[in-house]
Amino acid sequence: MPTVFATMLPQLHDPATGRLDAQRIAAYLGVPLSQLARALGKRYQTLHKTPGAPSVQDGLRPIKVSLDILASVFHDDAAVRVWLNSPHPDLGLRTPLQVILEGHAGAVETMLANASEGIPS
């Protein structure tokens, strides 16, 4: 069972609903909402109109878990962004952000969760 990380980045949630907010996550990642929409397999208009819709929560969750793990390690948003934008050998020298935007956020989440558990990749 993977380690459960506390919510390190509450600013990525809609304050009114507590749900993950696609617009806030896109802004944190420094990517256009349209790019995040493609990664989630959702229409841009859907995310723009209802960024915290229940239908996008499952797609946003692995991204948020990854960001929480990174925030717990680095304690610095800039360092998190540097890691996300650095080529990684376990990802074929692609950046973790590239992998997320290709629609494989779960792979990054698994890699980070395994590393936090001391499980080699």
# chains A, B, ... in the order shown; residues from 1 in each chain; ligands from 1
>>> residues_around(residues="segment 75-78 of chain A", least_positions_apart="3", cutoff="12 Å", atoms="only C-alpha atoms", output="NGL selection string")
:A and (8-9 or 11 or 28-30 or 67-72 or 81-85)
>>> select_by_dssp(residues="segment 26-114 of chain A", states="helix (DSSP H, G or I)", output="ChimeraX atom specification")
/A:26-29,33-40,44-49,54-74,77-84,89-91,96-101,105-114
>>> residues_around(residues="segment 101-118 of chain A", least_positions_apart="2", cutoff="12 Å", atoms="only C-alpha atoms", output="ChimeraX atom specification")
/A:1-5,26,29-42,58-73,83-85,88-91,94-99,120-121
>>> write_last_selection(atoms="C-alpha atoms", output="JSON list (two decimals), in the first residue's frame")
[["chain", "number", "residue", "atom", "x", "y", "z"],
["A", 1, "MET", "CA", 0.00, 0.00, 0.00],
["A", 2, "PRO", "CA", 1.53, 3.35, -1.05],
["A", 3, "THR", "CA", 2.25, 6.02, 1.50],
["A", 4, "VAL", "CA", -0.58, 8.51, 1.87],
["A", 5, "PHE", "CA", 0.66, 12.07, 1.58],
["A", 26, "ALA", "CA", -2.76, 23.92, -15.29],
["A", 29, "LEU", "CA", 2.15, 23.33, -14.01],
["A", 30, "GLY", "CA", 2.64, 26.38, -16.23],
["A", 31, "VAL", "CA", 0.71, 24.88, -19.14],
["A", 32, "PRO", "CA", -2.33, 26.10, -21.05],
["A", 33, "LEU", "CA", -5.63, 24.63, -19.92],
["A", 34, "SER", "CA", -6.12, 23.33, -23.47],
["A", 35, "GLN", "CA", -3.00, 21.17, -23.11],
["A", 36, "LEU", "CA", -4.22, 19.73, -19.81],
["A", 37, "ALA", "CA", -7.62, 19.09, -21.39],
["A", 38, "ARG", "CA", -6.00, 17.02, -24.15],
["A", 39, "ALA", "CA", -4.01, 15.05, -21.56],
["A", 40, "LEU", "CA", -7.22, 14.27, -19.69],
["A", 41, "GLY", "CA", -9.13, 13.42, -22.84],
["A", 42, "LYS", "CA", -11.61, 16.21, -22.13],
["A", 58, "ASP", "CA", -10.18, 10.89, -11.62],
["A", 59, "GLY", "CA", -7.89, 12.35, -14.29],
["A", 60, "LEU", "CA", -6.61, 15.12, -12.04],
["A", 61, "ARG", "CA", -6.01, 12.89, -9.01],
["A", 62, "PRO", "CA", -2.73, 11.25, -10.17],
["A", 63, "ILE", "CA", -1.36, 14.67, -11.10],
["A", 64, "LYS", "CA", -2.27, 16.06, -7.69],
["A", 65, "VAL", "CA", -0.82, 13.05, -5.85],
["A", 66, "SER", "CA", 2.43, 13.48, -7.79],
["A", 67, "LEU", "CA", 2.53, 17.18, -6.95],
["A", 68, "ASP", "CA", 1.86, 16.44, -3.28],
["A", 69, "ILE", "CA", 4.72, 13.95, -3.17],
["A", 70, "LEU", "CA", 7.06, 16.42, -4.83],
["A", 71, "ALA", "CA", 5.95, 19.26, -2.56],
["A", 72, "SER", "CA", 6.60, 17.09, 0.49],
["A", 73, "VAL", "CA", 10.13, 16.41, -0.76],
["A", 83, "TRP", "CA", 11.94, 18.48, -11.40],
["A", 84, "LEU", "CA", 8.84, 18.26, -13.60],
["A", 85, "ASN", "CA", 10.72, 19.87, -16.49],
["A", 88, "HIS", "CA", 14.27, 11.61, -16.26],
["A", 89, "PRO", "CA", 16.01, 8.31, -17.07],
["A", 90, "ASP", "CA", 13.06, 6.22, -15.86],
["A", 91, "LEU", "CA", 10.87, 8.02, -18.40],
["A", 94, "ARG", "CA", 11.33, 12.57, -21.29],
["A", 95, "THR", "CA", 10.35, 15.07, -18.65],
["A", 96, "PRO", "CA", 7.69, 14.08, -16.11],
["A", 97, "LEU", "CA", 5.60, 16.99, -17.39],
["A", 98, "GLN", "CA", 5.77, 15.60, -20.94],
["A", 99, "VAL", "CA", 4.57, 12.23, -19.68],
["A", 120, "PRO", "CA", 13.42, 0.73, -7.30],
["A", 121, "SER", "CA", 11.95, 1.49, -10.68]]
>>> atom_distance(atom1="atom CA of Pro10 of chain A", atom2="atom CA of Ala53 of chain A")
16.9 Å
>>> closest_residue(among="A:Leu93, A:Pro87, A:Val80, A:Ser55", to="Asp21 of chain A", atoms="only C-alpha atoms")
A:Ser55
>>> decode(residues="segment 36-102 of chain A", atoms="C-alpha atoms", output="PDB file, in the first residue's frame")
ATOM      1  CA  LEU A  36      -4.218  19.733 -19.809  1.00  0.00           C
ATOM      2  CA  ALA A  37      -7.622  19.092 -21.388  1.00  0.00           C
ATOM      3  CA  ARG A  38      -6.003  17.022 -24.148  1.00  0.00           C
ATOM      4  CA  ALA A  39      -4.007  15.047 -21.564  1.00  0.00           C
ATOM      5  CA  LEU A  40      -7.220  14.267 -19.685  1.00  0.00           C
ATOM      6  CA  GLY A  41      -9.129  13.420 -22.845  1.00  0.00           C
ATOM      7  CA  LYS A  42     -11.606  16.214 -22.126  1.00  0.00           C
ATOM      8  CA  ARG A  43     -12.830  19.133 -24.155  1.00  0.00           C
ATOM      9  CA  TYR A  44     -11.254  22.492 -23.375  1.00  0.00           C
ATOM     10  CA  GLN A  45     -14.697  24.072 -23.087  1.00  0.00           C
ATOM     11  CA  THR A  46     -15.642  21.568 -20.391  1.00  0.00           C
ATOM     12  CA  LEU A  47     -12.603  22.367 -18.265  1.00  0.00           C
ATOM     13  CA  HIS A  48     -12.912  26.092 -18.871  1.00  0.00           C
ATOM     14  CA  LYS A  49     -16.573  26.143 -17.839  1.00  0.00           C
ATOM     15  CA  THR A  50     -16.401  23.645 -14.956  1.00  0.00           C
ATOM     16  CA  PRO A  51     -12.751  23.125 -13.949  1.00  0.00           C
ATOM     17  CA  GLY A  52     -13.787  21.204 -10.843  1.00  0.00           C
ATOM     18  CA  ALA A  53     -16.360  18.952 -12.483  1.00  0.00           C
ATOM     19  CA  PRO A  54     -16.757  15.487 -10.961  1.00  0.00           C
ATOM     20  CA  SER A  55     -15.999  13.992 -14.382  1.00  0.00           C
ATOM     21  CA  VAL A  56     -12.406  15.312 -14.334  1.00  0.00           C
ATOM     22  CA  GLN A  57     -11.487  14.370 -10.774  1.00  0.00           C
ATOM     23  CA  ASP A  58     -10.175  10.895 -11.623  1.00  0.00           C
ATOM     24  CA  GLY A  59      -7.891  12.346 -14.294  1.00  0.00           C
ATOM     25  CA  LEU A  60      -6.613  15.124 -12.041  1.00  0.00           C
ATOM     26  CA  ARG A  61      -6.010  12.893  -9.013  1.00  0.00           C
ATOM     27  CA  PRO A  62      -2.725  11.250 -10.175  1.00  0.00           C
ATOM     28  CA  ILE A  63      -1.361  14.668 -11.105  1.00  0.00           C
ATOM     29  CA  LYS A  64      -2.267  16.060  -7.695  1.00  0.00           C
ATOM     30  CA  VAL A  65      -0.821  13.054  -5.853  1.00  0.00           C
ATOM     31  CA  SER A  66       2.430  13.478  -7.792  1.00  0.00           C
ATOM     32  CA  LEU A  67       2.532  17.176  -6.951  1.00  0.00           C
ATOM     33  CA  ASP A  68       1.856  16.442  -3.276  1.00  0.00           C
ATOM     34  CA  ILE A  69       4.724  13.945  -3.166  1.00  0.00           C
ATOM     35  CA  LEU A  70       7.059  16.421  -4.834  1.00  0.00           C
ATOM     36  CA  ALA A  71       5.950  19.263  -2.558  1.00  0.00           C
ATOM     37  CA  SER A  72       6.596  17.086   0.485  1.00  0.00           C
ATOM     38  CA  VAL A  73      10.134  16.407  -0.758  1.00  0.00           C
ATOM     39  CA  PHE A  74      11.124  19.837  -2.060  1.00  0.00           C
ATOM     40  CA  HIS A  75       8.986  22.237   0.029  1.00  0.00           C
ATOM     41  CA  ASP A  76       9.395  24.723  -2.811  1.00  0.00           C
ATOM     42  CA  ASP A  77       7.145  25.264  -5.833  1.00  0.00           C
ATOM     43  CA  ALA A  78      10.045  26.335  -8.045  1.00  0.00           C
ATOM     44  CA  ALA A  79      11.968  23.137  -7.249  1.00  0.00           C
ATOM     45  CA  VAL A  80       8.875  21.062  -8.049  1.00  0.00           C
ATOM     46  CA  ARG A  81       8.609  22.751 -11.442  1.00  0.00           C
ATOM     47  CA  VAL A  82      12.311  22.216 -12.144  1.00  0.00           C
ATOM     48  CA  TRP A  83      11.939  18.481 -11.401  1.00  0.00           C
ATOM     49  CA  LEU A  84       8.835  18.260 -13.602  1.00  0.00           C
ATOM     50  CA  ASN A  85      10.719  19.867 -16.490  1.00  0.00           C
ATOM     51  CA  SER A  86      13.933  17.854 -16.183  1.00  0.00           C
ATOM     52  CA  PRO A  87      14.554  14.764 -18.342  1.00  0.00           C
ATOM     53  CA  HIS A  88      14.268  11.609 -16.262  1.00  0.00           C
ATOM     54  CA  PRO A  89      16.013   8.310 -17.075  1.00  0.00           C
ATOM     55  CA  ASP A  90      13.056   6.223 -15.857  1.00  0.00           C
ATOM     56  CA  LEU A  91      10.872   8.019 -18.399  1.00  0.00           C
ATOM     57  CA  GLY A  92      13.098   7.473 -21.415  1.00  0.00           C
ATOM     58  CA  LEU A  93      14.687  10.890 -20.816  1.00  0.00           C
ATOM     59  CA  ARG A  94      11.334  12.566 -21.293  1.00  0.00           C
ATOM     60  CA  THR A  95      10.350  15.067 -18.653  1.00  0.00           C
ATOM     61  CA  PRO A  96       7.692  14.083 -16.111  1.00  0.00           C
ATOM     62  CA  LEU A  97       5.597  16.989 -17.386  1.00  0.00           C
ATOM     63  CA  GLN A  98       5.774  15.600 -20.938  1.00  0.00           C
ATOM     64  CA  VAL A  99       4.572  12.228 -19.680  1.00  0.00           C
ATOM     65  CA  ILE A 100       1.700  13.856 -17.776  1.00  0.00           C
ATOM     66  CA  LEU A 101       0.696  15.866 -20.840  1.00  0.00           C
ATOM     67  CA  GLU A 102       0.808  12.717 -22.970  1.00  0.00           C
TER      68      GLU A 102
END
